[in-house]
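Data block for data05.cif (mmCIF, C-alpha atoms):
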data_my_file
loop_
_atom_site.label_atom_id
_atom_site.label_comp_id
_atom_site.auth_asym_id
_atom_site.auth_seq_id
_atom_site.Cartn_x
_atom_site.Cartn_y
_atom_site.Cartn_z
CA MET H 255 49.81 -8.80 30.24
CA SER H 256 50.01 -5.55 32.25
CA ILE H 257 46.27 -5.65 32.87
CA PHE H 258 46.57 -9.08 34.49
CA GLU H 259 49.57 -7.91 36.54
CA ASP H 260 47.73 -4.81 37.83
CA ALA H 261 44.35 -6.37 38.52
CA GLY H 262 45.15 -9.99 39.30
CA PRO H 263 43.17 -13.15 38.45
CA SER H 264 40.88 -12.80 41.46
CA VAL H 265 39.60 -9.43 40.24
CA PHE H 266 38.75 -10.82 36.81
CA PHE H 267 37.05 -13.81 38.38
CA GLY H 268 35.03 -11.46 40.57
CA ARG H 269 34.00 -9.40 37.54
CA PHE H 270 33.02 -12.50 35.66
CA THR H 271 30.93 -13.73 38.61
CA HIS H 272 29.27 -10.34 38.96
CA GLY H 273 28.50 -10.26 35.24
CA PHE H 274 27.03 -13.75 35.34
CA HIS H 275 24.77 -12.86 38.29
CA SER H 276 23.66 -9.69 36.49
CA PHE H 277 22.86 -11.72 33.38
CA ARG H 278 20.90 -14.26 35.41
CA GLU H 279 18.92 -11.54 37.17
CA ALA H 280 18.14 -9.87 33.85
CA VAL H 281 16.88 -13.17 32.41
CA SER H 282 14.73 -13.80 35.48
CA ALA H 283 13.33 -10.28 35.38
CA SER H 284 12.53 -10.55 31.69
CA MET H 285 10.53 -13.74 32.28
CA SER H 286 8.61 -12.46 35.30
CA THR H 287 6.37 -10.04 33.44
CA ALA H 288 2.80 -11.30 33.61
CA SER H 289 1.43 -9.89 30.37
CA CYS H 290 2.54 -8.39 27.11
CA ALA H 291 1.01 -6.71 24.13
CA GLY H 292 0.64 -8.63 20.92
CA GLU H 293 -2.34 -10.87 21.64
CA GLU H 294 -4.31 -12.25 18.71
CA SER H 295 -6.63 -9.76 17.14
CA ASP H 296 -10.15 -9.77 18.58
CA GLU H 297 -11.51 -9.40 15.05
CA CYS H 298 -10.37 -12.93 14.17
CA ARG H 299 -10.97 -14.60 17.55
CA ASP H 300 -13.73 -17.19 17.55
CA ASP H 301 -13.39 -19.95 20.13
CA ALA H 302 -16.07 -22.19 18.63
CA ALA H 303 -14.70 -22.02 15.09
CA ALA H 304 -11.15 -22.43 16.38
CA MET H 305 -12.13 -25.58 18.28
CA ARG H 306 -13.71 -27.09 15.17
CA LEU H 307 -10.57 -26.38 13.19
CA LYS H 308 -8.44 -27.92 15.95
CA LEU H 309 -10.45 -31.13 15.74
CA VAL H 310 -9.95 -31.14 11.97
CA ALA H 311 -6.24 -30.52 12.49
CA ILE H 312 -5.94 -33.40 14.96
CA ALA H 313 -7.62 -35.81 12.53
CA GLY H 314 -5.80 -34.58 9.43
CA ILE H 315 -2.32 -34.40 10.97
CA LEU H 316 -2.76 -37.79 12.63
CA ALA H 317 -3.79 -39.38 9.32
CA ALA H 318 -0.89 -37.70 7.48
CA GLY H 319 1.61 -38.82 10.10
CA VAL H 320 0.37 -42.40 10.13
CA ALA H 321 0.38 -42.60 6.33
CA GLY H 322 3.86 -41.10 6.06
CA VAL H 323 5.58 -43.26 8.66
CA ALA H 324 3.73 -46.45 7.72
CA LEU H 325 4.36 -46.28 3.97
CA PRO H 326 8.06 -47.26 4.10
CA LEU H 327 7.44 -49.84 6.85
CA VAL H 328 4.59 -51.60 5.08
CA GLY H 329 6.12 -51.26 1.62
CA ARG H 330 9.68 -52.33 2.46
CA LYS H 331 9.04 -55.80 1.03
CA ARG H 332 7.37 -54.41 -2.09
CA ARG H 333 9.57 -53.88 -5.10
CA LEU H 334 8.46 -50.29 -5.62
CA LEU H 335 9.29 -49.12 -2.07
CA ARG H 336 12.28 -51.28 -1.23
CA THR H 337 14.92 -49.35 0.68
CA ASP H 338 17.44 -49.87 -2.12
CA GLY H 339 15.00 -48.83 -4.86
CA GLY H 340 15.02 -45.60 -6.83
CA VAL H 341 11.53 -44.50 -5.74
CA PHE H 342 12.41 -44.84 -2.07
CA VAL H 343 15.71 -42.97 -2.48
CA CYS H 344 14.04 -40.05 -4.28
CA ALA H 345 11.15 -39.88 -1.80
CA LYS H 346 13.58 -39.93 1.12
CA SER H 347 15.61 -37.13 -0.51
CA PHE H 348 12.44 -35.07 -0.86
CA ALA H 349 11.65 -35.70 2.81
CA ALA H 350 15.22 -34.72 3.78
CA GLY H 351 14.70 -31.40 1.99
CA VAL H 352 11.47 -30.89 3.93
CA ILE H 353 13.26 -31.52 7.24
CA LEU H 354 16.15 -29.21 6.30
CA ALA H 355 13.77 -26.38 5.42
CA THR H 356 11.82 -27.02 8.62
CA GLY H 357 14.96 -26.42 10.65
CA PHE H 358 16.30 -23.40 8.76
CA VAL H 359 13.18 -21.61 7.54
CA HIS H 360 10.54 -22.48 10.14
CA MET H 361 12.04 -23.42 13.52
CA LEU H 362 15.00 -21.04 13.48
CA HIS H 363 12.82 -18.18 12.24
CA ASP H 364 10.20 -18.85 14.93
CA ALA H 365 12.93 -18.92 17.57
CA GLN H 366 14.29 -15.60 16.32
CA ALA H 367 10.82 -14.04 16.37
CA ALA H 368 10.11 -15.30 19.90
CA LEU H 369 13.41 -14.23 21.47
CA THR H 370 13.81 -10.85 19.79
CA GLY H 371 10.23 -9.60 19.92
CA PRO H 372 9.09 -6.45 21.76
CA CYS H 373 7.67 -8.52 24.63
CA LEU H 374 11.20 -9.27 25.87
CA PRO H 375 13.71 -6.65 27.04
CA ALA H 376 16.66 -5.74 24.87
CA PHE H 377 19.08 -7.13 27.46
CA PRO H 378 19.96 -9.92 27.21
CA TRP H 379 17.76 -11.23 24.39
CA ARG H 380 18.63 -8.74 21.65
CA ARG H 381 22.23 -8.20 22.74
CA PHE H 382 23.28 -11.73 21.82
CA PRO H 383 22.11 -14.05 18.99
CA PHE H 384 20.63 -16.71 21.25
CA PRO H 385 18.68 -18.61 18.52
CA GLY H 386 21.75 -19.28 16.40
CA PHE H 387 23.94 -20.03 19.41
CA VAL H 388 21.47 -22.48 20.95
CA ALA H 389 20.90 -24.15 17.56
CA MET H 390 24.66 -24.53 17.11
CA ALA H 391 25.01 -25.98 20.62
CA ALA H 392 22.17 -28.41 19.92
CA ALA H 393 23.78 -29.50 16.63
CA LEU H 394 27.12 -30.10 18.37
CA GLY H 395 25.37 -31.96 21.18
CA THR H 396 23.62 -34.12 18.59
CA LEU H 397 26.99 -34.83 16.99
CA VAL H 398 28.39 -36.03 20.33
CA LEU H 399 25.28 -38.12 21.01
CA ASP H 400 25.47 -39.55 17.49
CA PHE H 401 29.10 -40.53 18.00
CA VAL H 402 28.60 -42.05 21.45
CA ALA H 403 25.52 -44.02 20.41
CA THR H 404 27.23 -45.29 17.26
CA GLN H 405 30.26 -46.43 19.23
CA PHE H 406 28.04 -48.19 21.76
CA TYR H 407 26.02 -50.08 19.16
CA GLU H 408 29.10 -50.91 17.08
CA ARG H 409 30.82 -52.39 20.14
CA LYS H 410 27.68 -54.33 21.04
CA HIS H 411 27.30 -55.81 17.57
CA ARG H 412 31.03 -56.47 17.29
CA ASP H 413 30.87 -58.54 20.48
CA GLU H 414 27.89 -60.46 19.10
CA VAL H 415 29.71 -61.20 15.84
CA THR H 416 32.81 -62.30 17.76
CA SER H 417 30.68 -64.70 19.80
CA ILE H 418 29.15 -66.10 16.62
CA ARG H 419 32.57 -66.56 15.02
CA THR H 420 33.91 -68.27 18.14
CA ALA H 421 30.97 -70.66 18.24
CA THR H 422 31.29 -71.36 14.51
CA ALA H 423 35.01 -72.00 14.78
CA ALA H 424 34.46 -74.32 17.75
CA ALA H 425 31.80 -76.26 15.85
CA ALA H 426 34.07 -76.51 12.81
CA ALA H 427 37.00 -77.70 14.96
CA THR H 428 34.79 -80.35 16.56
CA ALA H 429 33.66 -81.50 13.15
CA ALA H 430 37.27 -81.62 11.93
CA ASN H 431 38.37 -83.68 14.95
CA THR H 432 35.50 -86.10 14.42
CA SER H 433 36.43 -86.41 10.77
CA ALA H 434 40.08 -87.04 11.67
CA GLU H 435 39.13 -89.81 14.10
CA GLU H 436 36.97 -91.45 11.46
CA GLU H 437 39.84 -91.22 8.98
CA GLU H 438 42.27 -92.90 11.42
CA SER H 439 39.88 -95.79 12.03
CA GLY H 440 39.31 -96.05 8.31
CA ILE H 441 43.08 -96.24 7.67
CA THR H 442 43.38 -99.08 10.19
CA VAL H 443 40.78 -101.05 8.29
CA VAL H 444 42.38 -100.22 4.96
CA LEU H 445 45.72 -101.72 6.00
CA SER H 446 44.09 -105.15 5.97
CA ILE H 447 42.72 -104.96 2.46
CA PRO H 448 44.49 -105.04 -0.95
CA GLN H 449 46.40 -102.06 -2.32
CA GLU H 450 43.72 -101.23 -4.84
CA SER H 451 41.13 -100.84 -2.08
CA GLU H 452 43.48 -98.48 -0.26
CA CYS H 453 43.74 -96.36 -3.39
CA GLN H 454 39.99 -96.34 -3.72
CA PHE H 455 39.60 -95.25 -0.07
CA ALA H 456 42.14 -92.47 -0.57
CA GLY H 457 40.06 -91.23 -3.50
CA GLU H 458 37.03 -91.08 -1.25
CA LYS H 459 38.92 -89.45 1.61
CA ASP H 460 40.11 -86.31 -0.20
CA PRO H 461 36.68 -84.95 -1.10
CA LEU H 462 35.66 -85.34 2.55
CA LEU H 463 38.58 -83.25 3.75
CA ILE H 464 38.07 -80.70 1.03
CA THR H 465 34.39 -80.38 1.93
CA SER H 466 35.19 -79.98 5.64
CA ARG H 467 37.77 -77.28 4.99
CA HIS H 468 35.48 -75.51 2.56
CA SER H 469 32.69 -75.54 5.12
CA HIS H 470 34.99 -74.13 7.81
CA SER H 471 36.30 -71.42 5.51
CA HIS H 472 32.79 -70.53 4.37
CA SER H 473 31.59 -70.17 7.95
CA LEU H 474 34.38 -67.78 8.85
CA GLY H 475 33.93 -65.85 5.63
CA HIS H 476 30.21 -65.52 6.27
CA GLY H 477 30.90 -64.13 9.74
CA GLN H 478 33.28 -61.58 8.27
CA GLU H 479 30.68 -60.45 5.76
CA GLU H 480 28.20 -59.92 8.56
CA GLY H 481 30.77 -57.94 10.50
CA GLU H 482 31.41 -55.69 7.52
CA GLU H 483 27.72 -54.90 7.11
CA LEU H 484 27.09 -54.22 10.78
CA PRO H 485 28.25 -50.57 10.80
CA SER H 486 25.64 -49.65 8.15
CA HIS H 487 22.96 -51.39 10.15
CA VAL H 488 24.13 -49.68 13.33
CA ARG H 489 24.08 -46.25 11.71
CA HIS H 490 20.41 -46.64 10.79
CA VAL H 491 19.59 -47.70 14.35
CA VAL H 492 21.24 -44.57 15.75
CA VAL H 493 19.92 -42.23 13.05
CA SER H 494 16.32 -43.37 13.48
CA GLN H 495 16.39 -42.83 17.23
CA ILE H 496 18.03 -39.39 17.15
CA LEU H 497 15.87 -38.27 14.23
CA GLU H 498 12.73 -39.26 16.12
CA MET H 499 13.96 -37.32 19.15
CA GLY H 500 14.40 -34.17 17.07
CA ILE H 501 11.11 -34.55 15.21
CA ILE H 502 9.10 -35.23 18.35
CA SER H 503 10.57 -32.24 20.20
CA HIS H 504 9.48 -29.73 17.57
CA SER H 505 6.24 -31.57 16.77
CA MET H 506 5.12 -31.07 20.36
CA ILE H 507 5.99 -27.37 20.16
CA ILE H 508 4.07 -26.97 16.91
CA GLY H 509 1.09 -28.84 18.32
CA LEU H 510 0.99 -26.68 21.45
CA SER H 511 1.29 -23.49 19.40
CA LEU H 512 -1.65 -24.48 17.24
CA GLY H 513 -3.67 -25.75 20.20
CA VAL H 514 -3.45 -22.55 22.26
CA SER H 515 -4.44 -20.37 19.32
CA ARG H 516 -8.01 -19.04 19.46
CA SER H 517 -7.94 -17.54 15.97
CA PRO H 518 -9.36 -19.44 12.97
CA CYS H 519 -7.32 -17.12 10.75
CA THR H 520 -4.15 -18.53 12.33
CA ILE H 521 -5.23 -22.17 12.49
CA ARG H 522 -6.70 -22.59 9.01
CA PRO H 523 -3.46 -22.31 6.96
CA LEU H 524 -1.59 -24.37 9.55
CA VAL H 525 -3.76 -27.46 9.01
CA ALA H 526 -2.69 -28.08 5.41
CA ALA H 527 0.91 -26.97 6.01
CA LEU H 528 1.41 -29.20 9.04
CA SER H 529 -0.26 -32.19 7.35
CA PHE H 530 2.18 -31.87 4.43
CA HIS H 531 5.08 -31.42 6.84
CA GLN H 532 4.02 -34.36 9.01
CA PHE H 533 3.63 -36.75 6.09
CA PHE H 534 7.13 -36.27 4.70
CA GLU H 535 8.80 -36.13 8.10
CA GLY H 536 7.04 -39.41 8.82
CA PHE H 537 8.29 -40.87 5.55
CA ALA H 538 11.89 -39.95 6.37
CA LEU H 539 11.57 -41.42 9.86
CA GLY H 540 9.79 -44.53 8.59
CA GLY H 541 12.54 -45.07 6.03
CA CYS H 542 15.23 -44.90 8.72
CA ILE H 543 13.26 -47.30 10.94
CA SER H 544 12.85 -49.68 8.03
CA GLN H 545 16.56 -49.60 7.22
CA ALA H 546 17.42 -50.17 10.89
CA GLN H 547 15.51 -53.47 10.75
CA PHE H 548 13.89 -53.16 14.16
CA SER H 549 11.44 -55.78 15.37
CA HIS H 550 7.81 -55.31 14.38
CA LEU H 551 6.90 -54.23 17.91
CA ALA H 552 9.70 -51.68 18.18
CA SER H 553 8.89 -50.28 14.72
CA ALA H 554 5.21 -49.97 15.60
CA LEU H 555 5.97 -48.22 18.90
CA MET H 556 8.32 -45.70 17.25
CA ALA H 557 5.83 -45.04 14.45
CA CYS H 558 2.91 -44.57 16.85
CA PHE H 559 4.88 -42.31 19.15
CA PHE H 560 5.74 -40.07 16.20
CA ALA H 561 2.20 -40.04 14.79
CA ILE H 562 0.45 -39.02 18.02
CA THR H 563 2.89 -36.33 19.20
CA THR H 564 1.55 -33.36 17.23
CA PRO H 565 -2.14 -34.27 17.74
CA ALA H 566 -1.44 -34.72 21.46
CA GLY H 567 0.22 -31.30 21.54
CA ILE H 568 -2.82 -29.76 19.83
CA ALA H 569 -5.16 -31.41 22.34
CA ALA H 570 -3.03 -30.25 25.29
CA GLY H 571 -2.87 -26.72 23.92
CA ALA H 572 -6.63 -26.62 23.35
CA GLY H 573 -7.16 -27.67 26.95
CA VAL H 574 -5.25 -24.69 28.34
CA ALA H 575 -6.04 -22.17 25.62
CA SER H 576 -8.42 -20.13 27.80
CA SER H 577 -5.82 -19.58 30.53
CA PHE H 578 -2.58 -19.64 28.56
CA ASN H 579 -0.96 -16.48 27.25
CA SER H 580 1.32 -17.43 24.38
CA ASN H 581 2.78 -13.92 24.36
CA SER H 582 3.90 -13.90 27.98
CA PRO H 583 7.68 -13.43 28.36
CA ARG H 584 8.10 -16.80 30.05
CA ALA H 585 6.23 -18.60 27.26
CA LEU H 586 8.20 -16.77 24.58
CA VAL H 587 11.57 -17.61 26.15
CA VAL H 588 10.69 -21.29 26.56
CA GLU H 589 9.27 -21.50 23.05
CA GLY H 590 12.24 -19.69 21.51
CA LEU H 591 14.83 -21.87 23.23
CA LEU H 592 13.01 -25.11 22.39
CA ASP H 593 12.58 -23.98 18.78
CA SER H 594 16.32 -23.27 18.62
CA VAL H 595 17.19 -26.70 20.01
CA SER H 596 14.82 -28.39 17.56
CA ALA H 597 16.29 -26.39 14.67
CA GLY H 598 19.83 -27.46 15.55
CA ILE H 599 18.87 -31.14 15.81
CA LEU H 600 16.90 -31.14 12.56
CA ILE H 601 19.58 -29.27 10.59
CA TYR H 602 22.28 -31.67 11.77
CA MET H 603 20.19 -34.77 11.06
CA ALA H 604 19.11 -33.52 7.63
CA LEU H 605 22.59 -32.56 6.46
CA VAL H 606 24.68 -35.32 8.02
CA ASP H 607 22.54 -38.42 8.48
CA LEU H 608 20.05 -38.03 5.63
CA ILE H 609 21.48 -35.94 2.81
CA ALA H 610 25.21 -36.66 3.07
CA ALA H 611 24.70 -40.31 4.02
CA ASP H 612 22.53 -41.01 0.96
CA LEU H 613 23.52 -38.55 -1.76
CA LEU H 614 27.27 -38.87 -1.16
CA SER H 615 27.17 -42.64 -0.90
CA ARG H 616 29.40 -44.55 -3.31
CA ARG H 617 26.73 -47.13 -4.02
CA TRP H 618 24.93 -44.63 -6.29
CA ASN H 619 28.04 -43.56 -8.21
CA GLY H 620 27.21 -45.76 -11.16
CA ASN H 621 23.64 -44.51 -11.51
CA ALA H 622 23.79 -40.93 -12.76
CA ARG H 623 20.05 -40.76 -13.44
CA LEU H 624 19.21 -41.70 -9.84
CA GLN H 625 21.73 -39.18 -8.51
CA VAL H 626 20.20 -36.34 -10.55
CA ALA H 627 16.67 -37.37 -9.56
CA SER H 628 17.67 -37.46 -5.89
CA TYR H 629 19.16 -33.98 -5.98
CA VAL H 630 16.12 -32.62 -7.79
CA ALA H 631 13.84 -34.23 -5.19
CA LEU H 632 15.96 -32.71 -2.41
CA PHE H 633 15.75 -29.19 -3.84
CA VAL H 634 12.03 -29.50 -4.58
CA GLY H 635 11.33 -30.72 -1.05
CA ALA H 636 13.31 -27.89 0.54
CA GLY H 637 11.70 -25.34 -1.77
CA ALA H 638 8.17 -26.59 -1.18
CA MET H 639 8.56 -26.52 2.60
CA SER H 640 10.12 -23.06 2.40
CA ILE H 641 7.19 -21.73 0.37
CA LEU H 642 4.81 -22.96 3.07
CA ALA H 643 6.41 -20.40 5.41
CA ILE H 644 4.30 -17.80 3.63
CA TRP H 645 1.20 -19.21 5.31
CA ALA H 646 2.59 -21.06 8.33
#
Would you encode the structure as C-alpha cells?
Amino acid sequence: MSIFEDAGPSVFFGRFTHGFHSFREAVSASMSTASCAGEESDECRDDAAAMRLKLVAIAGILAAGVAGVALPLVGRKRRLLRTDGGVFVCAKSFAAGVILATGFVHMLHDAQAALTGPCLPAFPWRRFPFPGFVAMAAALGTLVLDFVATQFYERKHRDEVTSIRTATAAAAATAANTSAEEEESGITVVLSIPQESECQFAGEKDPLLITSRHSHSHSLGHGQEEGEELPSHVRHVVVSQILEMGIISHSMIIGLSLGVSRSPCTIRPLVAALSFHQFFEGFALGGCISQAQFSHLASALMACFFAITTPAGIAAGAGVASSFNSNSPRALVVEGLLDSVSAGILIYMALVDLIAADLLSRRWNGNARLQVASYVALFVGAGAMSILAIWA
C-alpha cells in the first residue's frame, strides 16, 4: 500500500506503458532480421527429387484425406459404420487419440521449437512461455466460441420446434372444433330417432373423441421428443464446424512447411506420417459431419474443403520454395504462433468434444466391452501418432 501512496497510479500506468512499448519494439526487432543460420543441409538438398516427392505427397495426402472423411459419410447408412455402431465408436476414439497427440506432441512441440530457437533473441521469446500461453488462450477462445455457437443453434432450433408445436396444436384444435360441430348436428338428428338408436350413436361417438384426443396428445408428445433430441443434434453441428476450423488451420501450416522444404531427407518421412494423420483426422471430422446430419451439399463442401487444404498448402509452399526462408525470424514467429493456436484448438476439441462427449456418455454405460474397446482404441491412436514424431 505504501508503494502506491508514494508513487501514485499514474506512475505505475506510465511504467506499464513504457514496458509494453519496449516489449513491442523488441518483438519488431526480433522479426526484422533478414536471415538466420540453420538452413537445410546442402548435402541433402535436391530440388528435383524434392519436387517429385512433393507431387507424391500431394497425391497421397489428398487420397488419404478423401478416404478418411468420406468413409463415415458414405457408410453412415451401412450397418457396419452406423454412427451408433461399435465399429464407428472405436474408430472415432482412435481418431480422437490421433488428434490429441497431434496437438500435444506435434503442434505444441513445433511451436516451442520455432519460438525458442537460436534464430530468435532471448527477449522476449525465451523469457516467457509463449507456446503454452497462446495454446491456452486458443483453447479458452474455442470454449467461448463453442458456447456461443451452441446457444445460437439451440435457440434457433428451439424456435423452430415451438413453431411446429404451435402449428400442430392449431391443426388439432381445428380438427377438434370440426368434430364437435359434427357431433352437435349428429345429436340433433338422434333426438328424432328411437332411444336404442341414440345409444348406438353414443357408442360410435366415444371412439371418435378418443381417437381425436389421442391424435392431439401424440402430436404434442412427438414435438416434445424432437425438442429433447435437438441439443444432441446441435452439438454435432457446432463440433463439426469448430473441429474443421482447427484441423484446417494446422493442415495449411503443415502443407506449407512440407512445400517449402527442398530436402528429400525431410520430405520422405513426412509423406507417410501425414497421410496416416490426414486419414484419421478426416475420419473424426467425417463422423462429426455425419452425426450433424447436414445436407448432402453442405457435407460434400466441408469434406472437400478439408481434403484439399494440406495438398493446397504443399502446392503453395512449393511455388515459393526458391525465395522463401523458413528459418527467417518473421517466418518462425508466425509459424510458432499459428502452431500454438492450432494446438490449443485441437487439444480442446479432442478432450471436450470428442473424447469426453463419447467415452463419458451414459448411453454406453451398459456395454462394458464397447467401453473397454473405445479406451484401448483411444490410447493406441494417441500412442501411434506420438511414435510418428520420431520421423515427422
Given the choices H:Pro326, H:Pro378, H:Pro523, H:Gly314, which gets closest to Ser553 of chain H if the distance is worked out from all atoms listed in the file? H:Pro326
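Taken over the whole file, the PyMOL selection byres ((chain H and resi 571-575) around 7) covers exactly Leu510, Ser511, Gly513, Val514, Ser515, Gly567, Ile568, Ala569, Ala570, Ser576, Ser577 and Phe578 of chain H.
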Restrict the calculation to all atoms listed in the file, then for each residue of segment 512-605 of chain H with any atom at most 12 Å from an atom of segment 345-351 of chain H give the closest atom pair and their distance in Å to one decimal, rows by chain and rising residue number, as JSON lines.
{"residue": "H:Phe530", "atom": "CA", "partner": "H:Ala349", "partner_atom": "CA", "distance": 10.3}
{"residue": "H:His531", "atom": "CA", "partner": "H:Ala349", "partner_atom": "CA", "distance": 8.8}
{"residue": "H:Gln532", "atom": "CA", "partner": "H:Ala349", "partner_atom": "CA", "distance": 9.9}
{"residue": "H:Phe533", "atom": "CA", "partner": "H:Ala349", "partner_atom": "CA", "distance": 8.7}
{"residue": "H:Phe534", "atom": "CA", "partner": "H:Ala349", "partner_atom": "CA", "distance": 4.9}
{"residue": "H:Glu535", "atom": "CA", "partner": "H:Ala349", "partner_atom": "CA", "distance": 6.0}
{"residue": "H:Gly536", "atom": "CA", "partner": "H:Ala349", "partner_atom": "CA", "distance": 8.4}
{"residue": "H:Phe537", "atom": "CA", "partner": "H:Ala349", "partner_atom": "CA", "distance": 6.7}
{"residue": "H:Ala538", "atom": "CA", "partner": "H:Lys346", "partner_atom": "CA", "distance": 5.5}
{"residue": "H:Leu539", "atom": "CA", "partner": "H:Ala349", "partner_atom": "CA", "distance": 9.1}
{"residue": "H:Gly540", "atom": "CA", "partner": "H:Lys346", "partner_atom": "CA", "distance": 9.6}
{"residue": "H:Gly541", "atom": "CA", "partner": "H:Lys346", "partner_atom": "CA", "distance": 7.2}
{"residue": "H:Cys542", "atom": "CA", "partner": "H:Lys346", "partner_atom": "CA", "distance": 9.2}
{"residue": "H:Ser544", "atom": "CA", "partner": "H:Lys346", "partner_atom": "CA", "distance": 12.0}
{"residue": "H:Gln545", "atom": "CA", "partner": "H:Lys346", "partner_atom": "CA", "distance": 11.8}
{"residue": "H:Leu600", "atom": "CA", "partner": "H:Ala350", "partner_atom": "CA", "distance": 9.6}
{"residue": "H:Ile601", "atom": "CA", "partner": "H:Ala350", "partner_atom": "CA", "distance": 9.8}
{"residue": "H:Tyr602", "atom": "CA", "partner": "H:Ala350", "partner_atom": "CA", "distance": 11.1}
{"residue": "H:Met603", "atom": "CA", "partner": "H:Ala350", "partner_atom": "CA", "distance": 8.8}
{"residue": "H:Ala604", "atom": "CA", "partner": "H:Ala350", "partner_atom": "CA", "distance": 5.6}
{"residue": "H:Leu605", "atom": "CA", "partner": "H:Ala350", "partner_atom": "CA", "distance": 8.1}
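When the PyMOL selection byres ((chain H and resi 393) around 10) is evaluated against the file, it yields Phe387, Val388, Ala389, Met390, Ala391, Ala392, Leu394, Gly395, Thr396, Leu397, Val398, Leu399, Ser594, Val595, Ser596, Ala597, Gly598, Ile599, Leu600, Ile601, Tyr602 and Met603 of chain H.
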So which one's closest to Gly357 of chain H, H:Ser505, H:Ser628, H:Thr420, H:Thr404? Using all atoms listed in the file, please. H:Ser505
For this structure, which residues satisfy the selection - the PyMOL selection byres ((chain H and resi 629) around 10) - when it is evaluated on the file as given? I want them as a ChimeraX atom specification. /H:344,347-348,351,609,613,624-628,630-635
Please produce a file of the residues just selected, as a short mmCIF file (atom, residue, chain, number, x, y, z; two decimals), keeping the file's coordinate frame, where the atoms kept are C-alpha atoms.
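In the end it all went to part.cif:
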data_model
loop_
_atom_site.label_atom_id
_atom_site.label_comp_id
_atom_site.auth_asym_id
_atom_site.auth_seq_id
_atom_site.Cartn_x
_atom_site.Cartn_y
_atom_site.Cartn_z
CA CYS H 344 14.04 -40.05 -4.28
CA SER H 347 15.61 -37.13 -0.51
CA PHE H 348 12.44 -35.07 -0.86
CA GLY H 351 14.70 -31.40 1.99
CA ILE H 609 21.48 -35.94 2.81
CA LEU H 613 23.52 -38.55 -1.76
CA LEU H 624 19.21 -41.70 -9.84
CA GLN H 625 21.73 -39.18 -8.51
CA VAL H 626 20.20 -36.34 -10.55
CA ALA H 627 16.67 -37.37 -9.56
CA SER H 628 17.67 -37.46 -5.89
CA VAL H 630 16.12 -32.62 -7.79
CA ALA H 631 13.84 -34.23 -5.19
CA LEU H 632 15.96 -32.71 -2.41
CA PHE H 633 15.75 -29.19 -3.84
CA VAL H 634 12.03 -29.50 -4.58
CA GLY H 635 11.33 -30.72 -1.05
#
So how far away is atom CA of Leu642 of chain H from atom CA of Ala313 of chain H, in Å? 20.2 Å
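Atom CA of His504 of chain H is positioned 22.5 Å from atom CA of Ala610 of chain H.
Coordinates place atom CA of Leu591 of chain H at a distance of 29.5 Å from atom CA of Phe406 of chain H.
For Val310 of chain H, the non-local neighbours within 12 Å, defined as residues at least 4 positions apart in the same chain or in other chains and counting only C-alpha atoms, are Ala303, Ala304, Met305, Arg306, Gly314, Ile315, Leu316, Ala317, Leu512, Gly513, Pro518, Ile521, Arg522, Leu524, Val525, Ala526, Leu528, Ser529, Pro565, Ile568 and Ala569 of chain H.
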Could you model N, CA, C and O atoms for segment 550-559 of chain H and present them as an mmCIF file, in the frame of the given file?
data_model
loop_
_atom_site.group_PDB
_atom_site.id
_atom_site.type_symbol
_atom_site.label_atom_id
_atom_site.label_comp_id
_atom_site.auth_asym_id
_atom_site.auth_seq_id
_atom_site.Cartn_x
_atom_site.Cartn_y
_atom_site.Cartn_z
ATOM 1 N N HIS H 550 9.106 -55.886 14.737
ATOM 2 C CA HIS H 550 7.810 -55.310 14.380
ATOM 3 C C HIS H 550 7.242 -54.488 15.529
ATOM 4 O O HIS H 550 6.652 -53.425 15.309
ATOM 5 N N LEU H 551 7.415 -54.958 16.764
ATOM 6 C CA LEU H 551 6.900 -54.230 17.910
ATOM 7 C C LEU H 551 7.618 -52.904 18.097
ATOM 8 O O LEU H 551 6.977 -51.859 18.307
ATOM 9 N N ALA H 552 8.930 -52.920 18.017
ATOM 10 C CA ALA H 552 9.700 -51.680 18.180
ATOM 11 C C ALA H 552 9.368 -50.681 17.066
ATOM 12 O O ALA H 552 9.219 -49.478 17.319
ATOM 13 N N SER H 553 9.243 -51.158 15.836
ATOM 14 C CA SER H 553 8.890 -50.280 14.720
ATOM 15 C C SER H 553 7.519 -49.656 14.924
ATOM 16 O O SER H 553 7.319 -48.455 14.690
ATOM 17 N N ALA H 554 6.563 -50.479 15.375
ATOM 18 C CA ALA H 554 5.210 -49.970 15.600
ATOM 19 C C ALA H 554 5.181 -48.931 16.714
ATOM 20 O O ALA H 554 4.505 -47.906 16.599
ATOM 21 N N LEU H 555 5.932 -49.171 17.784
ATOM 22 C CA LEU H 555 5.970 -48.220 18.900
ATOM 23 C C LEU H 555 6.576 -46.882 18.468
ATOM 24 O O LEU H 555 6.046 -45.806 18.794
ATOM 25 N N MET H 556 7.693 -46.931 17.715
ATOM 26 C CA MET H 556 8.320 -45.700 17.250
ATOM 27 C C MET H 556 7.400 -44.939 16.299
ATOM 28 O O MET H 556 7.294 -43.705 16.362
ATOM 29 N N ALA H 557 6.732 -45.672 15.408
ATOM 30 C CA ALA H 557 5.830 -45.040 14.450
ATOM 31 C C ALA H 557 4.639 -44.396 15.173
ATOM 32 O O ALA H 557 4.252 -43.262 14.862
ATOM 33 N N CYS H 558 4.061 -45.105 16.125
ATOM 34 C CA CYS H 558 2.910 -44.570 16.850
ATOM 35 C C CYS H 558 3.288 -43.359 17.684
ATOM 36 O O CYS H 558 2.544 -42.365 17.752
ATOM 37 N N PHE H 559 4.442 -43.423 18.323
ATOM 38 C CA PHE H 559 4.880 -42.310 19.150
ATOM 39 C C PHE H 559 5.064 -41.054 18.301
ATOM 40 O O PHE H 559 4.711 -39.946 18.728
#
